[in-house]
Structure formats: C-alpha cells, structure tokens
>>> print(open('coords-v6.txt').read())   # compact mmCIF, C-alpha atoms and all ligand atoms
# COMPACT_ATOMS: atom_id res chain seq x y z
CA MET N 297 81.68 73.43 86.73
CA PRO N 298 84.04 76.35 87.27
CA ALA N 299 82.60 79.23 89.29
CA PRO N 300 80.78 81.74 87.05
CA THR N 301 82.81 84.83 86.26
CA ILE N 302 81.57 88.33 85.67
CA ALA N 303 82.25 87.79 81.94
CA ASP N 304 79.48 85.16 82.02
CA LEU N 305 77.05 87.78 83.31
CA GLY N 306 78.01 91.07 81.71
CA GLU N 307 77.65 94.49 83.28
CA ASP N 308 73.90 94.84 83.60
CA ALA N 309 73.32 91.41 85.11
CA LEU N 310 76.24 91.94 87.49
CA LEU N 311 74.70 95.17 88.73
CA THR N 312 71.33 93.44 89.13
CA ARG N 313 73.07 90.95 91.43
CA LEU N 314 74.97 93.65 93.31
CA PHE N 315 72.28 96.25 94.05
CA PRO N 316 70.20 94.21 96.51
CA LEU N 317 73.35 93.51 98.58
CA LEU N 318 74.13 97.19 99.12
CA PRO N 319 72.84 99.09 102.15
CA ALA N 320 70.00 101.49 101.30
CA GLY N 321 70.82 104.34 103.70
CA SER N 322 68.34 106.46 105.59
CA GLY N 323 69.19 109.66 103.71
CA THR N 324 68.95 108.16 100.22
CA LEU N 325 66.29 109.78 98.03
CA LEU N 326 67.34 107.93 94.86
CA GLY N 327 69.79 105.02 95.03
CA PRO N 328 71.80 103.14 92.40
CA GLY N 329 70.42 102.59 88.90
CA ASP N 330 70.06 106.02 87.29
CA ASP N 331 72.72 108.42 85.98
CA ALA N 332 73.36 109.72 89.49
CA ALA N 333 71.99 109.29 92.99
CA VAL N 334 70.11 111.84 95.05
CA VAL N 335 70.84 112.09 98.75
CA ARG N 336 69.58 114.27 101.54
CA ALA N 337 71.98 117.01 102.72
CA PRO N 338 70.32 118.32 105.89
CA ASP N 339 73.27 120.49 106.89
CA ALA N 340 73.76 122.33 103.55
CA ARG N 341 77.52 121.72 104.06
CA VAL N 342 78.45 118.29 102.73
CA VAL N 343 81.58 116.52 103.98
CA VAL N 344 83.16 114.59 101.10
CA THR N 345 86.28 112.43 100.85
CA THR N 346 87.67 109.69 98.62
CA ASP N 347 90.20 106.86 99.01
CA VAL N 348 91.21 104.15 96.56
CA LEU N 349 92.26 100.56 97.37
CA VAL N 350 94.53 98.92 94.81
CA GLU N 351 95.26 95.19 94.42
CA ASP N 352 98.72 94.22 95.69
CA ARG N 353 99.12 97.66 97.21
CA HIS N 354 96.28 97.75 99.75
CA PHE N 355 95.17 94.12 99.62
CA ARG N 356 96.03 90.79 98.04
CA LEU N 357 93.36 88.56 96.55
CA ASP N 358 94.93 85.52 98.25
CA TRP N 359 94.88 87.23 101.66
CA SER N 360 91.52 88.97 101.59
CA SER N 361 88.09 87.93 100.31
CA GLY N 362 85.77 90.21 98.33
CA GLU N 363 83.92 90.76 101.59
CA ASP N 364 87.12 91.83 103.37
CA VAL N 365 87.99 94.29 100.59
CA GLY N 366 84.47 95.80 100.58
CA TRP N 367 84.55 96.15 104.35
CA ARG N 368 87.93 97.90 104.34
CA ALA N 369 87.01 100.18 101.45
CA ALA N 370 83.95 101.33 103.40
CA VAL N 371 85.73 101.78 106.74
CA GLN N 372 88.73 103.61 105.31
CA ASN N 373 86.40 106.25 103.88
CA LEU N 374 83.91 106.39 106.74
CA ALA N 375 86.81 107.07 109.12
CA ASP N 376 87.80 110.17 107.16
CA VAL N 377 84.25 111.53 107.46
CA ALA N 378 84.17 110.80 111.21
CA ALA N 379 87.58 112.44 111.63
CA MET N 380 86.01 115.74 110.54
CA GLY N 381 83.43 115.41 113.31
CA ALA N 382 80.70 114.39 110.88
CA VAL N 383 78.22 111.52 110.62
CA PRO N 384 78.71 109.47 107.42
CA THR N 385 75.64 109.29 105.19
CA SER N 386 76.46 107.75 101.79
CA LEU N 387 79.13 106.01 99.76
CA VAL N 388 79.75 105.89 96.01
CA VAL N 389 81.87 102.90 94.89
CA ALA N 390 83.90 102.70 91.67
CA LEU N 391 85.13 99.20 90.92
CA VAL N 392 87.76 98.03 88.42
CA VAL N 393 87.76 94.24 87.97
CA PRO N 394 89.21 91.74 85.48
CA ALA N 395 86.54 89.88 83.44
CA THR N 396 87.78 86.60 84.93
CA THR N 397 86.70 87.66 88.45
CA PRO N 398 84.17 85.25 89.96
CA VAL N 399 80.70 86.73 90.37
CA ALA N 400 80.84 85.58 93.98
CA TRP N 401 83.82 87.87 94.61
CA VAL N 402 81.84 90.95 93.56
CA GLU N 403 78.83 89.80 95.56
CA GLY N 404 81.16 89.40 98.53
CA LEU N 405 82.38 92.95 98.00
CA GLY N 406 78.78 94.14 98.13
CA ARG N 407 78.18 92.28 101.38
CA GLY N 408 81.45 93.61 102.82
CA LEU N 409 80.46 97.18 101.98
CA ALA N 410 77.19 96.58 103.81
CA GLY N 411 79.01 95.03 106.77
CA GLY N 412 81.45 97.92 107.08
CA CYS N 413 78.70 100.55 106.98
CA PRO N 414 76.91 101.53 110.19
CA GLU N 415 73.11 101.65 110.25
CA GLY N 416 71.77 104.46 108.09
CA VAL N 417 74.69 104.72 105.64
CA GLY N 418 73.80 103.85 102.04
CA VAL N 419 75.84 102.83 99.02
CA VAL N 420 74.04 105.06 96.54
CA GLY N 421 75.96 104.49 93.32
CA GLY N 422 79.27 103.79 91.69
CA ASP N 423 80.95 102.69 88.50
CA LEU N 424 82.23 99.49 86.86
CA SER N 425 85.18 99.00 84.55
CA GLY N 426 87.22 96.09 83.34
CA GLY N 427 90.94 96.25 84.02
CA GLU N 428 94.02 94.10 84.58
CA HIS N 429 93.88 94.45 88.36
CA VAL N 430 91.24 95.07 90.98
CA ALA N 431 90.84 98.59 92.32
CA VAL N 432 88.09 99.98 94.50
CA ALA N 433 87.64 103.74 94.77
CA VAL N 434 85.11 104.92 97.32
CA THR N 435 83.74 108.40 97.83
CA ALA N 436 82.05 109.07 101.16
CA LEU N 437 79.64 111.84 102.08
CA GLY N 438 78.85 113.02 105.58
CA ASP N 439 76.70 115.37 107.58
CA LEU N 440 78.13 117.79 110.16
CA ALA N 441 74.66 118.30 111.67
CA GLY N 442 75.48 121.87 112.62
CA ARG N 443 78.95 121.14 114.02
CA ALA N 444 82.06 123.05 112.99
CA PRO N 445 84.44 120.71 111.12
CA VAL N 446 87.35 119.53 113.30
CA ARG N 447 90.48 120.25 111.30
CA ARG N 448 94.04 119.03 111.72
CA SER N 449 95.22 122.52 112.51
CA GLY N 450 93.58 123.49 115.80
CA ALA N 451 95.80 121.78 118.43
CA ARG N 452 97.18 124.19 121.06
CA PRO N 453 100.00 123.76 123.59
CA GLY N 454 98.59 122.26 126.78
CA ASP N 455 95.91 120.23 124.94
CA VAL N 456 95.60 116.55 125.78
CA VAL N 457 96.36 114.11 122.94
CA ALA N 458 93.87 111.23 122.87
CA HIS N 459 93.09 108.25 120.68
CA ALA N 460 90.06 106.02 120.14
CA GLY N 461 90.35 102.60 118.51
CA VAL N 462 93.07 99.97 118.29
CA ARG N 463 96.70 100.54 117.33
CA GLY N 464 99.05 98.17 115.56
CA HIS N 465 96.54 95.39 114.91
CA SER N 466 96.42 95.83 111.14
CA ALA N 467 100.22 96.00 110.87
CA ALA N 468 100.55 92.86 112.98
CA GLY N 469 98.03 91.03 110.80
CA TYR N 470 99.86 92.17 107.69
CA ALA N 471 103.19 90.98 109.13
CA TRP N 472 101.69 87.56 109.91
CA LEU N 473 100.31 87.14 106.38
CA ALA N 474 103.48 88.53 104.79
CA ALA N 475 105.51 85.94 106.73
CA GLY N 476 103.41 83.27 105.00
CA ARG N 477 102.12 81.93 108.30
CA PRO N 478 98.75 80.16 108.32
CA VAL N 479 95.83 81.81 110.09
CA PRO N 480 94.60 79.48 112.85
CA ASP N 481 90.92 78.56 112.81
CA ALA N 482 88.45 79.43 115.56
CA GLU N 483 88.67 75.88 116.91
CA THR N 484 92.43 76.24 117.56
CA ALA N 485 91.85 79.60 119.25
CA ASP N 486 88.94 78.60 121.45
CA GLY N 487 88.78 74.81 121.49
CA GLU N 488 90.46 72.21 123.69
CA GLY N 489 93.00 71.00 121.11
CA ALA N 490 95.95 73.34 121.69
CA ASP N 491 97.78 74.12 124.94
CA ALA N 492 97.16 77.45 126.69
CA GLU N 493 100.08 79.13 124.93
CA GLY N 494 98.97 77.84 121.53
CA ARG N 495 95.45 79.10 122.12
CA ALA N 496 96.71 82.54 123.23
CA LEU N 497 98.81 82.82 120.07
CA ALA N 498 95.90 81.67 117.88
CA ARG N 499 93.57 84.23 119.46
CA ALA N 500 96.12 87.04 119.05
CA VAL N 501 96.79 86.12 115.41
CA ARG N 502 93.08 86.00 114.61
CA LEU N 503 92.58 89.43 116.23
CA ALA N 504 95.46 90.92 114.23
CA VAL N 505 94.50 89.38 110.89
CA ARG N 506 90.90 90.45 111.43
CA GLY N 507 92.23 93.97 112.15
CA TYR N 508 94.04 93.91 108.81
CA ARG N 509 91.15 92.46 106.81
CA ARG N 510 88.26 94.22 108.50
CA PRO N 511 89.35 97.19 110.59
CA VAL N 512 86.79 98.77 112.89
CA SER N 513 86.86 102.55 113.19
CA PRO N 514 85.20 104.15 116.22
CA LEU N 515 82.98 106.26 113.95
CA VAL N 516 80.64 107.64 116.61
CA GLY N 517 83.74 109.01 118.35
CA GLY N 518 84.15 111.61 115.58
CA PRO N 519 81.01 113.66 116.25
CA ALA N 520 81.38 112.92 119.98
CA ALA N 521 84.89 114.39 119.94
CA ALA N 522 83.63 117.46 118.09
CA ASP N 523 80.90 117.90 120.73
CA ALA N 524 83.48 117.52 123.53
CA GLY N 525 85.50 120.42 122.07
CA ALA N 526 88.21 118.57 120.11
CA THR N 527 90.66 121.13 118.74
CA ALA N 528 92.14 118.89 116.02
CA MET N 529 91.49 115.38 114.73
CA LEU N 530 92.42 112.89 112.02
CA ASP N 531 92.10 109.16 111.45
CA VAL N 532 95.27 107.08 111.68
CA SER N 533 95.70 105.55 108.23
CA ASP N 534 99.45 105.76 107.67
CA GLY N 535 100.85 105.21 111.19
CA LEU N 536 100.44 106.99 114.52
CA LEU N 537 103.79 108.79 114.34
CA ARG N 538 103.28 109.94 110.75
CA ASP N 539 99.68 111.06 111.29
CA ALA N 540 100.49 112.72 114.65
CA GLY N 541 103.25 114.54 112.77
CA ARG N 542 100.69 115.79 110.22
CA LEU N 543 98.48 117.10 113.02
CA ALA N 544 101.48 118.70 114.73
CA ARG N 545 102.69 120.35 111.52
CA ALA N 546 99.23 121.65 110.55
CA SER N 547 98.79 123.06 114.07
CA GLY N 548 102.31 124.46 114.46
CA VAL N 549 102.89 122.46 117.65
CA VAL N 550 104.87 119.52 119.04
CA VAL N 551 103.09 116.27 120.00
CA HIS N 552 104.55 114.50 123.04
CA LEU N 553 103.36 110.90 123.30
CA ASP N 554 103.44 109.12 126.66
CA PRO N 555 105.74 106.08 127.14
CA PRO N 556 104.28 103.20 125.04
CA ALA N 557 103.75 100.95 128.07
CA ASP N 558 101.40 103.62 129.52
CA ALA N 559 99.74 104.84 126.33
CA PHE N 560 99.46 101.60 124.40
CA GLY N 561 99.71 98.89 127.06
CA GLU N 562 96.55 97.10 125.94
CA ASP N 563 97.61 96.89 122.29
CA LEU N 564 101.14 95.79 123.22
CA ALA N 565 99.73 93.03 125.42
CA ALA N 566 97.22 91.91 122.79
CA LEU N 567 99.89 91.71 120.08
CA ALA N 568 102.74 90.33 122.20
CA PRO N 569 102.17 86.66 121.25
CA VAL N 570 102.22 87.57 117.52
CA ALA N 571 105.38 89.63 117.94
CA ARG N 572 107.09 86.82 119.89
CA ALA N 573 106.18 84.24 117.25
CA LEU N 574 107.52 86.41 114.43
CA GLY N 575 110.52 87.79 116.34
CA ALA N 576 109.05 91.24 115.65
CA ASP N 577 108.53 94.39 117.71
CA ALA N 578 104.93 95.12 118.75
CA GLU N 579 105.91 98.69 119.67
CA ALA N 580 106.86 99.41 116.05
CA TRP N 581 103.44 98.13 114.89
CA VAL N 582 101.67 100.38 117.39
CA LEU N 583 103.73 103.48 116.60
CA ALA N 584 104.18 103.15 112.83
CA GLY N 585 101.59 100.64 111.60
CA GLY N 586 98.77 102.08 109.52
CA GLU N 587 95.24 101.12 108.53
CA ASP N 588 93.72 100.73 111.99
CA HIS N 589 91.65 103.88 111.32
CA GLY N 590 91.40 104.92 114.95
CA LEU N 591 90.78 108.59 115.70
CA LEU N 592 93.62 110.77 116.97
CA ALA N 593 92.38 114.00 118.51
CA THR N 594 93.46 116.83 120.79
CA PHE N 595 91.27 118.29 123.52
CA PRO N 596 91.57 121.25 125.89
CA ALA N 597 93.15 120.06 129.15
CA ASP N 598 89.90 120.55 131.09
CA ALA N 599 87.65 118.72 128.59
CA SER N 600 86.23 115.35 129.57
CA LEU N 601 87.21 112.80 126.95
CA PRO N 602 84.30 111.19 125.09
CA ALA N 603 83.66 107.45 125.41
CA GLY N 604 86.36 105.40 123.71
CA PHE N 605 89.09 108.06 123.83
CA ARG N 606 92.16 107.49 126.00
CA ARG N 607 94.90 110.00 126.80
CA ILE N 608 98.14 109.12 124.98
CA GLY N 609 100.07 112.37 125.31
CA VAL N 610 100.12 116.14 125.46
CA VAL N 611 100.61 119.02 123.02
CA GLY N 612 103.68 121.21 123.48
CA ALA N 613 104.89 124.51 122.07
CA PRO N 614 107.76 124.55 119.59
CA GLY N 615 111.10 125.47 121.19
CA GLU N 616 113.44 122.64 122.05
CA TRP N 617 111.77 120.84 119.11
CA THR N 618 110.45 122.40 115.91
CA ALA N 619 106.73 122.45 115.04
CA GLY N 620 105.66 119.11 113.55
CA THR N 621 107.93 117.04 115.81
CA VAL N 622 106.49 113.99 117.59
CA THR N 623 108.30 112.70 120.67
CA VAL N 624 107.76 109.39 122.46
CA ALA N 625 108.63 109.34 126.17
CA GLY N 626 110.52 112.61 125.69
CA ARG N 627 112.66 111.55 122.71
CA VAL N 628 112.30 111.68 118.94
CA PRO N 629 112.00 108.01 117.93
CA SER N 630 114.56 106.75 115.44
CA GLY N 631 112.53 103.93 113.82
CA PRO N 632 109.99 104.04 110.96
CA VAL N 633 107.10 106.50 111.32
CA GLY N 634 104.59 105.03 108.88
CA TRP N 635 103.50 104.50 105.32
CA ASP N 636 104.34 106.66 102.31
CA HIS N 637 103.09 105.41 98.92
CA PHE N 638 106.10 106.63 97.02
CA ARG N 639 108.96 106.38 99.47
CA GLY N 640 108.17 103.06 101.16
N1 LIG P 701 94.82 113.52 93.80
C1 LIG P 701 94.41 114.42 94.71
N2 LIG P 701 93.76 115.52 94.32
C2 LIG P 701 93.33 116.43 95.23
N3 LIG P 701 93.49 116.32 96.53
C3 LIG P 701 94.13 115.24 96.98
C4 LIG P 701 94.62 114.22 96.10
N4 LIG P 701 95.21 113.26 96.84
C5 LIG P 701 95.07 113.64 98.12
N5 LIG P 701 94.42 114.82 98.22
C6 LIG P 701 94.09 115.55 99.45
O1 LIG P 701 95.24 115.64 100.28
C7 LIG P 701 94.91 115.44 101.66
C8 LIG P 701 95.73 114.30 102.24
O2 LIG P 701 95.38 113.08 101.57
P1 LIG P 701 95.51 111.69 102.32
O3 LIG P 701 96.86 111.59 102.95
O4 LIG P 701 95.10 110.63 101.37
O5 LIG P 701 94.43 111.84 103.47
P2 LIG P 701 93.77 110.62 104.26
O6 LIG P 701 94.91 109.87 104.89
O7 LIG P 701 92.89 111.27 105.29
O8 LIG P 701 93.01 109.81 103.26
C9 LIG P 701 93.40 115.21 101.70
O9 LIG P 701 92.76 116.42 102.02
C10 LIG P 701 93.07 114.79 100.28
O10 LIG P 701 91.75 115.14 99.92
C1 LIG P 702 99.18 93.81 100.23
C2 LIG P 702 99.44 94.98 101.16
N1 LIG P 702 100.66 95.54 101.21
C3 LIG P 702 100.89 96.58 102.04
C4 LIG P 702 99.90 97.09 102.84
C5 LIG P 702 100.18 98.21 103.80
N2 LIG P 702 99.61 99.50 103.39
C6 LIG P 702 99.17 99.75 102.16
S1 LIG P 702 98.54 101.31 102.00
C7 LIG P 702 98.88 101.68 103.62
C8 LIG P 702 98.59 103.05 104.20
C9 LIG P 702 97.14 103.47 104.12
O1 LIG P 702 96.66 103.57 102.81
P1 LIG P 702 96.50 104.97 102.06
O2 LIG P 702 96.18 104.70 100.65
O3 LIG P 702 97.69 105.85 102.31
O4 LIG P 702 95.21 105.55 102.80
P2 LIG P 702 94.96 107.06 103.28
O5 LIG P 702 96.15 107.46 104.11
O6 LIG P 702 94.81 107.89 102.07
O7 LIG P 702 93.70 106.94 104.10
C10 LIG P 702 99.47 100.58 104.24
C11 LIG P 702 99.90 100.56 105.66
C12 LIG P 702 98.64 96.48 102.72
N3 LIG P 702 97.58 96.94 103.41
N4 LIG P 702 98.43 95.41 101.91
MG MG P 703 93.48 109.36 101.42
MG MG P 704 92.41 110.31 106.94
MG MG P 705 97.93 107.57 103.37
>>> encode(input="coords-v6.txt", output="structure tokens")
Amino acid sequence: MPAPTIADLGEDALLTRLFPLLPAGSGTLLGPGDDAAVVRAPDARVVVTTDVLVEDRHFRLDWSSGEDVGWRAAVQNLADVAAMGAVPTSLVVALVVPATTPVAWVEGLGRGLAGGCPEGVGVVGGDLSGGEHVAVAVTALGDLAGRAPVRRSGARPGDVVAHAGVRGHSAAGYAWLAAGRPVPDAETADGEGADAEGRALARAVRLAVRGYRRPVSPLVGGPAAADAGATAMLDVSDGLLRDAGRLARASGVVVHLDPPADAFGEDLAALAPVARALGADAEAWVLAGGEDHGLLATFPADASLPAGFRRIGVVGAPGEWTAGTVTVAGRVPSGPVGWDHFRG
C-alpha cells in the first residue's frame, strides 16, 4: 500500500489531522478552526513579522523532512520577533502543497512547528492551498511587554558588538548535503565502530546538518538584550557580514569585527573536521553563511552582556571607512558576505 497522500484525505480531514499536533499557546483565546484566531495582546503594541520558505530555495524535500521544514519555518520567524526585543506569542502558517504530498509529511510539519516553538507559543491559524511546489509562509506575533523595540539603527561608536548563538553551522550542513555526502548515523558518531578521527568528523557533520535542518535561535536573548540596554539588534539570516552591514548602514556607523580566531574560535573548531573533509573554508561559513538565526546586537561599552552573548567586535565612527562598512581584523574582507535572493 502506498503511503496515503493529502488527496486521499481532502482539506477538512487534513486539517483535522493537523490541528491536534500544533502547539496551543498560552495567549491563545481562539485557536485554529474559525475564520480567524483571537490572541491576547497584553502590550497593546503587537510585534509582527513574516518569512516564507520555498521548496528548492530554502529546503529540499530529499534533504529535509516535514518536521525539519516546520521547525525551520517556526525558528526563522521567532528569531525576527526576538531580534526586536520581544517575546514571541503566536504563529500563523500558510502552506502550499502538491496533492501528491504524503499525509505524514504534513503531520511532520505540524510536529516540527511544535518542536521549534518554545513553551507558550501557539500556532493559531493558517491557510492551505494546492500548488506545484511546497511553500510555507509563517507570520509571527510577539509581545514587547513594555520594552522599547530594539531597532537596527541605534548602534553608536564605542558600543560593543556581541552575538548569541552559533555561526556557520547551517552553511556547513548545507555544503555537506550539497556535496552529496551521506550524513553519518548516531552510531558512527558515538559508537565504537569508527576510529577517533572518523567519530570526530561524524559528530561535526551531524552538528552542522542539524544546524541546517533545525536551527536553534537563542530566543530568550532578545528580551534579555533589550533589558541590558542593547542599542541595535537583528537576527543573522543572510550571513554575519551582510547582516552586520545592514545594522551598520541603518545606524550610520562602521562595525569592526575581531579576528575570527578570537571571535569565532568555538565555531571554527566545531566545523573544522567538516571543512577539512570538503576542502572548504570554515571561516567563510562563519562570516557569510546564513540561516543560523543567532542574535547580533550592540551594547554600550559599560553594559554587562546578557547570558549567551559574546563580544565579537566594536562599533566605530565613519571616517577611514564609510558608514555601513564591516571590517574583520581591521580590513574589509574580500570574500562573499552572504545571501541575496536575486543576486546569488
Ligand atoms: N514584500 C514586502 N513587503 C513589505 N515589506 C517587506 C517585503 N519584503 C520585505 N519587507 C520588509 O523589509 C525588511 C527586510 O526584510 P528581510 O531582509 O526579509 O528581513 P529579515 O531578514 O529580518 O526577515 C523587513 O522589515 C521586512 O518586513
Ligand atoms: C536548498 C537550499 N538552497 C540554498 C539554501 C541557502 N539559503 C536559502 S535562503 C538563505 C538566506 C535566508 O533566507 P531568507 O529568505 O533571506 O530569510 P530572511 O533573511 O528573510 O530571514 C540561504 C542561506 C538553503 N537553505 N537551501
Ligand atoms: Mg525576511
Ligand atoms: Mg531578521
Ligand atoms: Mg534574507
């Protein structure tokens, strides 16, 4: 018997299968099933953002399961809410899927959405459409709880540049899958079968591929950064250099990143076996890889950095370099800076 597809079920039965898998959310007054949802908005100012994931652009069905795609769709949006200094509250999920899609894939997506959402966040509604390719558009709502939003534009010369979360993992995982290399199983990574070097490579590959399939954003760091006096913040979706450049441009400043071995030593060490095996450059993944969804923020020099944030540089005034410039170890890097949907 072939696996049942969503054409076997139809829309209503598919939704009946999906709803119980979705997280309810502590601020949900009316969840999925009516013409619209009703959610609590304690702050009166609602933070709202949307991001779409498109098959073969953001994910491949042969590289990621429904659960992976749901997880990433949630995290990518939750990170944008956190990057404003807000606490995410609800998601709305619009799904385009071919009729031939297995029911299990959509159920996996539901479970992945639940897995990517922290306690208290609900998936309160969405939409379904047939289409040639899979696309998942998520809208996220958040609560500032009295905080001022942390914008991209508030960085001042002398501020410390800090980052919370991993860097380069998603790009390394993508590179591994794009090279057509098999993902080692947990037994190879942790068991007795392989030699020490083989196990180290297996562990590093699994970390990277997991980072690509199911990134983890340090969401609580967003409100914590706001409370610690962050002057500017954004999540790193397109690459550290590109997103730091956006912050620098919006703020009219220059961002000076510390030498990679100091600022990103842990990531470089974690990804080194993957880079060696592929003949690739871990530094390029860390500086220009996207989709890790860490938080990049600037703080006054005398602020104490909240848990999870590490100093990676300092903000400078324009002069020798124009506003919007990002330097690494005192020089403007010549390699790629990150992702652009229309320019590669
Ligand atoms: N089609 C659009 N219509 C209106 N605003 C948009 C559109 N696409 C992007 N934006 C806005 O432009 C800004 C940059 O978008 P984007 O680079 O996608 O941000 P992020 O990386 O945080 O998701 C955001 O404020 C976003 O809301
Ligand atoms: C199959 C596949 N190819 C390429 C990529 C790499 N990639 C796709 S979009 C993107 C940048 C982030 O996505 P975007 O839609 O720009 O999110 P936003 O910046 O709006 O948060 C990257 C690095 C991928 N994740 N999967
Ligand atoms: Mg976006
Ligand atoms: Mg963002
Ligand atoms: Mg982008």
>>> residues_around(input="coords-v6.txt", residues="N:Gly327", least_positions_apart="3", cutoff="10 Å", atoms="all atoms listed in the file", output="ChimeraX atom specification")
/N:315,318-321,323-324,330,332-335,386,418-421
>>> write_last_selection(input="coords-v6.txt", atoms="C-alpha atoms", output="tab-separated table (two decimals), in the frame of the given file")
chain	number	residue	atom	x	y	z
N	315	PHE	CA	72.28	96.25	94.05
N	318	LEU	CA	74.13	97.19	99.12
N	319	PRO	CA	72.84	99.09	102.15
N	320	ALA	CA	70.00	101.49	101.30
N	321	GLY	CA	70.82	104.34	103.70
N	323	GLY	CA	69.19	109.66	103.71
N	324	THR	CA	68.95	108.16	100.22
N	330	ASP	CA	70.06	106.02	87.29
N	332	ALA	CA	73.36	109.72	89.49
N	333	ALA	CA	71.99	109.29	92.99
N	334	VAL	CA	70.11	111.84	95.05
N	335	VAL	CA	70.84	112.09	98.75
N	386	SER	CA	76.46	107.75	101.79
N	418	GLY	CA	73.80	103.85	102.04
N	419	VAL	CA	75.84	102.83	99.02
N	420	VAL	CA	74.04	105.06	96.54
N	421	GLY	CA	75.96	104.49	93.32
>>> closest_residue(input="coords-v6.txt", among="N:Asp598, N:Asp588, N:Asp304, N:Asp331", to="ligand MG 705 (chain P)", atoms="all atoms listed in the file")
N:Asp588
>>> closest_residue(input="coords-v6.txt", among="N:Glu483, N:Glu488, N:Asp539, N:Glu351", to="ligand MG 703 (chain P)", atoms="all atoms listed in the file")
N:Asp539
>>> closest_residue(input="coords-v6.txt", among="N:Gly404, N:Pro569, N:Gly535, N:Pro596", to="ligand MG 704 (chain P)", atoms="all atoms listed in the file")
N:Gly535
>>> residues_near_ligand(input="coords-v6.txt", ligand="ligand MG 703 (chain P)", cutoff="10 Å", atoms="all atoms listed in the file", output="PyMOL selection string")
chain N and resi 345-349+372-373+376+533-534
>>> atom_distance(input="coords-v6.txt", atom1="atom CA of N:Val456", atom2="atom CA of N:Gly620")
16.0 Å
>>> atom_distance(input="coords-v6.txt", atom1="atom CA of N:Arg353", atom2="atom CA of N:Leu537")
21.0 Å
>>> closest_atom_pairs(input="coords-v6.txt", of="chain N", to="ligand LIG 701 (chain P)", cutoff="12 Å", atoms="only C-alpha atoms and all ligand atoms", output="Markdown table")
| residue | atom | partner | partner_atom | distance |
| --- | --- | --- | --- | --- |
| N:Val343 | CA | P:LIG701 | O10 | 11.0 |
| N:Val344 | CA | P:LIG701 | O10 | 8.7 |
| N:Thr345 | CA | P:LIG701 | O10 | 6.2 |
| N:Thr346 | CA | P:LIG701 | O10 | 6.9 |
| N:Asp347 | CA | P:LIG701 | O8 | 5.9 |
| N:Val348 | CA | P:LIG701 | O8 | 9.0 |
| N:Leu349 | CA | P:LIG701 | O8 | 11.0 |
| N:Ala369 | CA | P:LIG701 | O8 | 11.5 |
| N:Val371 | CA | P:LIG701 | O8 | 11.4 |
| N:Gln372 | CA | P:LIG701 | O8 | 7.8 |
| N:Asn373 | CA | P:LIG701 | O8 | 7.5 |
| N:Leu374 | CA | P:LIG701 | O7 | 10.3 |
| N:Ala375 | CA | P:LIG701 | O7 | 8.3 |
| N:Asp376 | CA | P:LIG701 | O7 | 5.5 |
| N:Val377 | CA | P:LIG701 | O7 | 8.9 |
| N:Ala378 | CA | P:LIG701 | O7 | 10.6 |
| N:Ala379 | CA | P:LIG701 | O7 | 8.4 |
| N:Met380 | CA | P:LIG701 | O7 | 9.7 |
| N:Ala433 | CA | P:LIG701 | O8 | 11.7 |
| N:Val434 | CA | P:LIG701 | O8 | 11.0 |
| N:Thr435 | CA | P:LIG701 | O10 | 10.7 |
| N:Ala436 | CA | P:LIG701 | O8 | 11.2 |
| N:Arg447 | CA | P:LIG701 | O9 | 10.3 |
| N:Arg448 | CA | P:LIG701 | O9 | 10.1 |
| N:Met529 | CA | P:LIG701 | O7 | 10.4 |
| N:Leu530 | CA | P:LIG701 | O7 | 6.9 |
| N:Asp531 | CA | P:LIG701 | O7 | 6.6 |
| N:Val532 | CA | P:LIG701 | O6 | 7.3 |
| N:Ser533 | CA | P:LIG701 | O6 | 5.5 |
| N:Asp534 | CA | P:LIG701 | O6 | 6.7 |
| N:Gly535 | CA | P:LIG701 | O6 | 9.8 |
| N:Leu536 | CA | P:LIG701 | O6 | 11.5 |
| N:Arg538 | CA | P:LIG701 | O6 | 10.2 |
| N:Asp539 | CA | P:LIG701 | O6 | 8.1 |
| N:Ala540 | CA | P:LIG701 | O6 | 11.6 |
| N:Arg542 | CA | P:LIG701 | O3 | 9.2 |
| N:Leu543 | CA | P:LIG701 | O7 | 11.2 |
| N:Ala546 | CA | P:LIG701 | C8 | 11.6 |
| N:Gly586 | CA | P:LIG701 | O6 | 9.8 |
| N:Glu587 | CA | P:LIG701 | O6 | 9.5 |
| N:Asp588 | CA | P:LIG701 | O6 | 11.6 |
| N:His589 | CA | P:LIG701 | O6 | 9.4 |
| N:Gly590 | CA | P:LIG701 | O7 | 11.7 |
| N:Leu591 | CA | P:LIG701 | O7 | 11.0 |
| N:Leu592 | CA | P:LIG701 | O7 | 11.7 |
| N:Gly634 | CA | P:LIG701 | O6 | 11.5 |
| N:Trp635 | CA | P:LIG701 | O3 | 10.0 |
| N:Asp636 | CA | P:LIG701 | O3 | 9.0 |
| N:His637 | CA | P:LIG701 | O3 | 9.7 |
>>> residues_around(input="coords-v6.txt", residues="N:Gly575", least_positions_apart="4", cutoff="12 Å", atoms="all atoms listed in the file", output="list in words")
Ala468, Ala471, Trp472, Ala475, Leu567, Ala568, Pro569, Val570 and Ala571 of chain N
>>> atom_distance(input="coords-v6.txt", atom1="atom CA of N:Ala474", atom2="atom C5 of ligand LIG 702 (chain P)")
10.3 Å
>>> closest_residue(input="coords-v6.txt", among="N:Gly585, N:Gly612, N:Pro514, N:Pro394", to="ligand MG 705 (chain P)", atoms="only C-alpha atoms and all ligand atoms")
N:Gly585
>>> closest_residue(input="coords-v6.txt", among="N:Ser600, N:Arg627, N:Gly548, N:Gly469", to="ligand LIG 702 (chain P)", atoms="only C-alpha atoms and all ligand atoms")
N:Gly469
>>> closest_residue(input="coords-v6.txt", among="N:Ala458, N:Pro338, N:His354, N:Val383", to="ligand MG 705 (chain P)", atoms="only C-alpha atoms and all ligand atoms")
N:His354
>>> residues_around(input="coords-v6.txt", residues="N:Ala498", least_positions_apart="5", cutoff="9 Å", atoms="all atoms listed in the file", output="list in words")
Val479, Pro480, Asp481, Ala482, Thr484, Ala485, Asp486, Glu493, Leu503, Pro569 and Val570 of chain N
>>> residues_around(input="coords-v6.txt", residues="stretch 550-563 of chain N", least_positions_apart="3", cutoff="10 Å", atoms="all atoms listed in the file", output="PyMOL selection string")
chain N and resi 451-453+455-459+461-465+537+540-541+543-545+547+566-568+578-579+581-583+594+606-628
>>> residues_around(input="coords-v6.txt", residues="N:Ala340", least_positions_apart="3", cutoff="12 Å", atoms="all atoms listed in the file", output="PDB file with C-alpha atoms, in the coordinates of the input")
ATOM      1  CA  VAL N 335      70.840 112.090  98.750  1.00  0.00           C
ATOM      2  CA  ARG N 336      69.580 114.270 101.540  1.00  0.00           C
ATOM      3  CA  ALA N 337      71.980 117.010 102.720  1.00  0.00           C
ATOM      4  CA  VAL N 343      81.580 116.520 103.980  1.00  0.00           C
ATOM      5  CA  GLY N 438      78.850 113.020 105.580  1.00  0.00           C
ATOM      6  CA  ASP N 439      76.700 115.370 107.580  1.00  0.00           C
ATOM      7  CA  LEU N 440      78.130 117.790 110.160  1.00  0.00           C
ATOM      8  CA  ALA N 441      74.660 118.300 111.670  1.00  0.00           C
ATOM      9  CA  GLY N 442      75.480 121.870 112.620  1.00  0.00           C
ATOM     10  CA  ARG N 443      78.950 121.140 114.020  1.00  0.00           C
TER      11      ARG N 443
END
